[in-house]
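Structure first, commentary second.
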Amino acid sequence: MPEHLAKTPFGAGTPGQAKAPPRGLRDERQARPPSRSSGKPAAVPSSEGTGSALRVGGPPSPRAKKTKKPAAQYDRFIPNRSAMDIASSQFSIARADADAPLDGATAAYQEEIARACGVSINKRILTFREEAPTSDRDDLRQVYSRPALKSGAATAAKRRILNTPERVLDAPGLVDDYYLNLLDWSAGNMLAIGLDQSVYLWNASTGDVDSLCQLEGEAYVASVKWTSDGSYLAIGTSEGDVQVWDAESQSKVRTMAGHQARVGVMSWERHLLSSGCLDGSIWNHDVRVASHKVAELVAHSNEVCGLAWRSDGALLASGGNDNLLNIWDARSIVPKFSKTQHTAAVRALAWSPWKLDLLASGGGLHDRHVHFWNTTTTARLNSIDTGSQVTSIRWSVEYRELVTSHGLPHNHLALWSYPSLAKIVDIPAHDQRILHTAISPDGQTIATAASDESLKFWRIFETRSKAGKHSKAADGVAAAAAATSASMAAAAAAGPAAPSAGGLDISRPYSIR
């Protein structure tokens with residue numbers, strides 16, 4: 001060790017006493033009396049070079065000059081006394097130099113006394129700058145370093161859910177009746193809609209619109225329903241007839257008569273077609289045989305306005321204007337169980353696509369509730385007070401979510417998370433009550449028909465794997481709009497054409513908004 005590093009201004013030696021044993025800075029500080037005005041000469045930091053040695057009065061020895069090497073340079077750390085807590089520093093030094101370790105009780109007592117005296121326990125002895133002012137707010141480093149919450153709400157926030165429709169079509173002649181079912185979307189991407197006495201098919205892939213049929217006399221269309229593969233369309237009439245049409249050839253296959261009043265709702269289960277009547281009866285038709293009526297289910301005292309077969313064909317759910325919800329076993333003509341919790345007509349019925357025994361049912365204007373049922377235990381799982389008349393329920397195939405459509409007073413669509421039943425978004429959809437909804441075959445787009453005679457398309461359940469890309473149904477809607485625009489341009493070039501009465505008039509310039 002160089003001789004000049006051993007010299008210290010805190011000792012009593014002189015520059016000539018080089019053989020005295022060196023003493024560390026810490027030992028010298030302990031030997032100093034605690035008084036700040038000791039009367040001894042203070043150490044003066046060197047103003048030359050970057051050496052860390054402390055110079056004292058008197059010339060340096062020749063040996064020190066010889067042993068000084070430019071490579072042995074150190075940074076100078078000059079503590080700021082105004083920023084130091086002398087009492088805390090003295091306490092920390094005394095604790096560290098204790099001869100014997102203190103037991104737990106004594107150490108705790110010492111710390112308590114130190115806190116009472118305003119002495120910091122673990123404060124640094126040397127301080128080189130003033131501490132930054134403290135804040136009462138949360139440490140932002142901790143707040144923003146927390147891991148992100150992985151929840152359904154966060155997932156939903158990443159998905160774009162627009163509150164404006166992708167396309168709007170005019171639907172003149174749509175009957176304003178809550179108990180009818182006049183809209184359905186097939187697996188072949190064909191949308192069927194009943195307008196007064198006519199049924200129209202809108203091809204979502206090409207944009208073509210075809211008139212499938214027109215009823216005779218005073219009869220009007222009361223319901224439409226596609227088969228699961230989209231090959232055939234069933235049409236219920238106000239006269240009590242059920243017609244079956246081939247979609248490809250656009251020809252009527254057969255007519256099944258027998259109901260004494262209008263057929264306002266239907267549901268397919270393979271070759272079996274169930275139809276609900278105004279008189280409260282439900283008929284099961286086997287469309288393969290001449291004697292089509294194979295069963296009659298009687299449990300409702302008023303019009304049947306909701307029918308839905310479960311995906312496995314084991315159970316049939318029915319809802320009526322008598323406020324009853326009935327669950328039927330496919331092997332019986334007696335209800336498996338009935339529910340009376342609704343206080344208005346039960347029209348909206350939907351089986352969950354990812355939980356076989358989960359059924360959702362919605363009530364009318366004086367009820368406004370959606371109830372969830374376990375059809376195995378017959379228990380009600382939960383309920384939502386939607387605040388509006390419930391006209392339909394649509395489950396998402398990919399998300400644990402459902403959409404409800406509403407009539408009076410708000411005429412909106414509502415998206416809900418399941419099973420939390422937290423509302424994700426409200427969409428003000430129409431100026432008047434929504435009467436019918438249908439979901440596209442890819443499960444991403446919802447079509448709504450309302451009593452304001454408009455048909456709108458909403459892209460709500462965008463597929464995760466294709467986020468940011470258009471779905472097939474959306475592409476179909478876009479293609480339809482392009483085809484419609486082309487037909488409009490051709491019609492404009494050829495001159496004005498008279499639209500067919502009561503049809504899905506897309507030749508008018510204002511039919512696409």
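The way I read the labels, and the way they are meant: chains A, B, ... in the order of the structure tokens, residue 1 as the first residue of every chain, and ligand 1 as the first ligand shown, with later ones counted on from there.
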
With only C-alpha atoms as the counted atoms, please give the residues lying no more than 8 Å from Val298 of chain A, apart from itself and same-chain residues fewer than 6 positions off, as a list in words.
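Once the nearby chain positions are removed, what remains is Gly280, Ser281, Ile282, Ile333 and Val334 of chain A.
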
Resulting file, chosen residues, N, CA, C and O atoms, as a short mmCIF file (atom, residue, chain, number, x, y, z; two decimals), in the first residue's frame:
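Written output follows (again27.cif):
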```cif
data_model
loop_
_atom_site.label_atom_id
_atom_site.label_comp_id
_atom_site.auth_asym_id
_atom_site.auth_seq_id
_atom_site.Cartn_x
_atom_site.Cartn_y
_atom_site.Cartn_z
N GLY A 280 -103.10 -23.18 -30.08
CA GLY A 280 -102.31 -23.73 -28.98
C GLY A 280 -101.79 -25.13 -29.21
O GLY A 280 -101.10 -25.69 -28.35
N SER A 281 -102.09 -25.72 -30.35
CA SER A 281 -101.64 -27.08 -30.64
C SER A 281 -100.30 -27.09 -31.37
O SER A 281 -99.94 -26.12 -32.06
N ILE A 282 -99.57 -28.18 -31.20
CA ILE A 282 -98.30 -28.41 -31.90
C ILE A 282 -98.42 -29.74 -32.63
O ILE A 282 -98.74 -30.77 -32.02
N ILE A 333 -95.98 -37.42 -25.74
CA ILE A 333 -96.87 -36.33 -26.11
C ILE A 333 -97.30 -35.54 -24.87
O ILE A 333 -98.22 -34.71 -24.94
N VAL A 334 -96.65 -35.79 -23.76
CA VAL A 334 -96.90 -35.08 -22.51
C VAL A 334 -95.65 -34.28 -22.17
O VAL A 334 -94.53 -34.81 -22.30
#
```

Need to verify the contact set: segment 248-250 of chain A, 9 Å, only C-alpha atoms, exclusion of same-chain residues closer than 6 positions in sequence. Can you return it as a list in words?
Leu212, Cys213, Ser231 and Tyr232 of chain A

Would you pick out the contacts of Asp322 of chain A at 7 Å or less, using only C-alpha atoms, so that residues sharing its chain but fewer than 6 positions from it are not included, and give the list as a list in words?
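Within the cut-off, the hits are His300, Ser301, Asn302 and Ala345 of chain A.
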
For N, CA, C and O atoms, I'd like the residues from the last selection saved as an mmCIF file, in the first residue's frame.
```cif
data_model
loop_
_atom_site.group_PDB
_atom_site.id
_atom_site.type_symbol
_atom_site.label_atom_id
_atom_site.label_comp_id
_atom_site.auth_asym_id
_atom_site.auth_seq_id
_atom_site.Cartn_x
_atom_site.Cartn_y
_atom_site.Cartn_z
ATOM 1 N N HIS A 300 -100.671 -26.007 -24.456
ATOM 2 C CA HIS A 300 -100.819 -24.553 -24.417
ATOM 3 C C HIS A 300 -102.292 -24.184 -24.601
ATOM 4 O O HIS A 300 -103.012 -24.819 -25.386
ATOM 5 N N SER A 301 -102.707 -23.148 -23.903
ATOM 6 C CA SER A 301 -104.081 -22.678 -23.997
ATOM 7 C C SER A 301 -104.226 -21.480 -24.916
ATOM 8 O O SER A 301 -105.349 -20.995 -25.111
ATOM 9 N N ASN A 302 -103.119 -21.016 -25.494
ATOM 10 C CA ASN A 302 -103.150 -19.879 -26.407
ATOM 11 C C ASN A 302 -102.121 -20.129 -27.495
ATOM 12 O O ASN A 302 -101.460 -21.170 -27.525
ATOM 13 N N ALA A 345 -95.897 -13.412 -23.057
ATOM 14 C CA ALA A 345 -95.722 -14.445 -24.078
ATOM 15 C C ALA A 345 -94.256 -14.866 -24.196
ATOM 16 O O ALA A 345 -93.350 -14.029 -24.168
#
```

For segment 401-411 of chain A, list every protein, DNA or RNA residue within 6 Å, evaluated using only C-alpha atoms, and leave out those in the same chain fewer than 2 positions away; present the list as an mmCIF file with N, CA, C and O atoms, in the first residue's frame.
```
data_model
loop_
_atom_site.group_PDB
_atom_site.id
_atom_site.type_symbol
_atom_site.label_atom_id
_atom_site.label_comp_id
_atom_site.auth_asym_id
_atom_site.auth_seq_id
_atom_site.Cartn_x
_atom_site.Cartn_y
_atom_site.Cartn_z
ATOM 1 N N SER A 388 -86.683 -4.483 -21.854
ATOM 2 C CA SER A 388 -87.461 -4.344 -23.089
ATOM 3 C C SER A 388 -88.086 -5.682 -23.454
ATOM 4 O O SER A 388 -87.658 -6.742 -22.979
ATOM 5 N N GLN A 389 -89.060 -5.616 -24.316
ATOM 6 C CA GLN A 389 -89.685 -6.814 -24.865
ATOM 7 C C GLN A 389 -88.636 -7.661 -25.578
ATOM 8 O O GLN A 389 -87.880 -7.171 -26.417
ATOM 9 N N VAL A 390 -88.551 -8.948 -25.244
ATOM 10 C CA VAL A 390 -87.562 -9.850 -25.845
ATOM 11 C C VAL A 390 -88.207 -10.541 -27.040
ATOM 12 O O VAL A 390 -89.215 -11.234 -26.899
ATOM 13 N N THR A 391 -87.629 -10.340 -28.235
ATOM 14 C CA THR A 391 -88.194 -10.927 -29.455
ATOM 15 C C THR A 391 -87.397 -12.118 -29.975
ATOM 16 O O THR A 391 -87.955 -12.959 -30.681
ATOM 17 N N SER A 392 -86.111 -12.212 -29.636
ATOM 18 C CA SER A 392 -85.319 -13.367 -30.071
ATOM 19 C C SER A 392 -84.038 -13.456 -29.258
ATOM 20 O O SER A 392 -83.603 -12.463 -28.650
ATOM 21 N N ILE A 393 -83.426 -14.644 -29.275
ATOM 22 C CA ILE A 393 -82.146 -14.909 -28.604
ATOM 23 C C ILE A 393 -81.268 -15.682 -29.569
ATOM 24 O O ILE A 393 -81.726 -16.659 -30.179
ATOM 25 N N ARG A 394 -80.021 -15.259 -29.713
ATOM 26 C CA ARG A 394 -79.062 -15.956 -30.578
ATOM 27 C C ARG A 394 -77.764 -16.186 -29.819
ATOM 28 O O ARG A 394 -77.136 -15.237 -29.332
ATOM 29 N N TRP A 395 -77.368 -17.467 -29.707
ATOM 30 C CA TRP A 395 -76.103 -17.820 -29.060
ATOM 31 C C TRP A 395 -74.964 -17.738 -30.062
ATOM 32 O O TRP A 395 -75.143 -17.998 -31.258
ATOM 33 N N SER A 396 -73.782 -17.406 -29.566
ATOM 34 C CA SER A 396 -72.574 -17.477 -30.383
ATOM 35 C C SER A 396 -71.995 -18.889 -30.315
ATOM 36 O O SER A 396 -71.978 -19.510 -29.245
ATOM 37 N N TYR A 399 -67.944 -17.800 -29.088
ATOM 38 C CA TYR A 399 -67.775 -17.085 -27.832
ATOM 39 C C TYR A 399 -68.813 -17.565 -26.823
ATOM 40 O O TYR A 399 -69.879 -18.057 -27.191
ATOM 41 N N LEU A 413 -80.414 -4.120 -29.897
ATOM 42 C CA LEU A 413 -79.721 -5.396 -29.718
ATOM 43 C C LEU A 413 -78.835 -5.285 -28.485
ATOM 44 O O LEU A 413 -78.218 -4.244 -28.250
ATOM 45 N N ALA A 414 -78.757 -6.363 -27.718
ATOM 46 C CA ALA A 414 -77.903 -6.387 -26.526
ATOM 47 C C ALA A 414 -77.014 -7.617 -26.585
ATOM 48 O O ALA A 414 -77.493 -8.715 -26.883
ATOM 49 N N LEU A 415 -75.736 -7.426 -26.310
ATOM 50 C CA LEU A 415 -74.760 -8.515 -26.294
ATOM 51 C C LEU A 415 -74.378 -8.793 -24.849
ATOM 52 O O LEU A 415 -73.983 -7.883 -24.113
ATOM 53 N N TRP A 416 -74.490 -10.069 -24.450
ATOM 54 C CA TRP A 416 -74.256 -10.471 -23.068
ATOM 55 C C TRP A 416 -73.162 -11.530 -23.008
ATOM 56 O O TRP A 416 -73.034 -12.364 -23.911
ATOM 57 N N SER A 417 -72.409 -11.493 -21.913
ATOM 58 C CA SER A 417 -71.419 -12.534 -21.634
ATOM 59 C C SER A 417 -72.069 -13.607 -20.768
ATOM 60 O O SER A 417 -72.896 -13.311 -19.901
ATOM 61 N N TYR A 418 -71.702 -14.859 -21.014
ATOM 62 C CA TYR A 418 -72.242 -15.955 -20.214
ATOM 63 C C TYR A 418 -71.077 -16.751 -19.628
ATOM 64 O O TYR A 418 -70.087 -16.987 -20.309
ATOM 65 N N HIS A 430 -82.868 -0.207 -34.488
ATOM 66 C CA HIS A 430 -83.958 0.213 -35.367
ATOM 67 C C HIS A 430 -84.757 1.341 -34.717
ATOM 68 O O HIS A 430 -84.694 1.557 -33.507
ATOM 69 N N GLN A 432 -88.072 1.303 -34.883
ATOM 70 C CA GLN A 432 -89.229 0.624 -34.307
ATOM 71 C C GLN A 432 -88.806 -0.768 -33.864
ATOM 72 O O GLN A 432 -87.661 -1.176 -34.072
ATOM 73 N N ARG A 433 -89.725 -1.515 -33.255
ATOM 74 C CA ARG A 433 -89.351 -2.754 -32.586
ATOM 75 C C ARG A 433 -88.802 -3.799 -33.560
ATOM 76 O O ARG A 433 -89.277 -3.937 -34.699
ATOM 77 N N ILE A 434 -87.787 -4.513 -33.106
ATOM 78 C CA ILE A 434 -87.213 -5.611 -33.878
ATOM 79 C C ILE A 434 -88.147 -6.811 -33.748
ATOM 80 O O ILE A 434 -88.481 -7.247 -32.639
#
```

Point-to-point distance from atom CA of Leu316 of chain A to atom CA of Gln444 of chain A, Å rounded to tenths:
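Between atom CA of Leu316 of chain A and atom CA of Gln444 of chain A the gap is 25.5 Å.
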
What's around Trp373 of chain A at 7 Å? Count only C-alpha atoms, leave out sequence neighbours fewer than 5 positions away in its own chain, and write the answer as a ChimeraX atom specification.
/A:358-360,378-381

What are the DSSP helix (DSSP H, G or I) residues of segment 135-325 of chain A, as a list in words?
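So the helix (DSSP H, G or I) residues in segment 135-325 of chain A would be Leu140, Arg141, Gln142, Val143, Gly152, Ala153, Ala154, Thr155, Ala156, Ala157 and Lys158 of chain A.
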
Go ahead and write the selection's residues with C-alpha atoms as an mmCIF file, in the first residue's frame.
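Result file follows (result_4.cif):
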```cif
data_model
loop_
_atom_site.group_PDB
_atom_site.id
_atom_site.type_symbol
_atom_site.label_atom_id
_atom_site.label_comp_id
_atom_site.auth_asym_id
_atom_site.auth_seq_id
_atom_site.Cartn_x
_atom_site.Cartn_y
_atom_site.Cartn_z
ATOM 1 C CA LEU A 140 -46.404 4.038 -11.225
ATOM 2 C CA ARG A 141 -43.620 1.544 -11.746
ATOM 3 C CA GLN A 142 -45.609 -0.989 -9.772
ATOM 4 C CA VAL A 143 -48.937 -0.040 -11.334
ATOM 5 C CA GLY A 152 -63.588 -12.300 -21.165
ATOM 6 C CA ALA A 153 -64.073 -8.578 -21.023
ATOM 7 C CA ALA A 154 -60.487 -7.968 -22.202
ATOM 8 C CA THR A 155 -61.019 -10.433 -25.043
ATOM 9 C CA ALA A 156 -64.242 -8.731 -26.005
ATOM 10 C CA ALA A 157 -62.543 -5.326 -25.957
ATOM 11 C CA LYS A 158 -60.109 -6.502 -28.645
#
```

My list of candidates is A:Asn321, A:Asn163, A:Gln197, A:Thr376. Which is closest to Tyr178 of chain A when distances are computed with only C-alpha atoms?
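Of A:Asn321, A:Asn163, A:Gln197, A:Thr376, the one nearest Tyr178 of chain A is A:Asn321, counting only C-alpha atoms.
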
From the list A:Ala261, A:Ala314, A:Val289, A:Val168, which residue is nearest Lys456 of chain A when using only C-alpha atoms?
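Ranked by minimum distance to Lys456 of chain A, first place goes to A:Val168.
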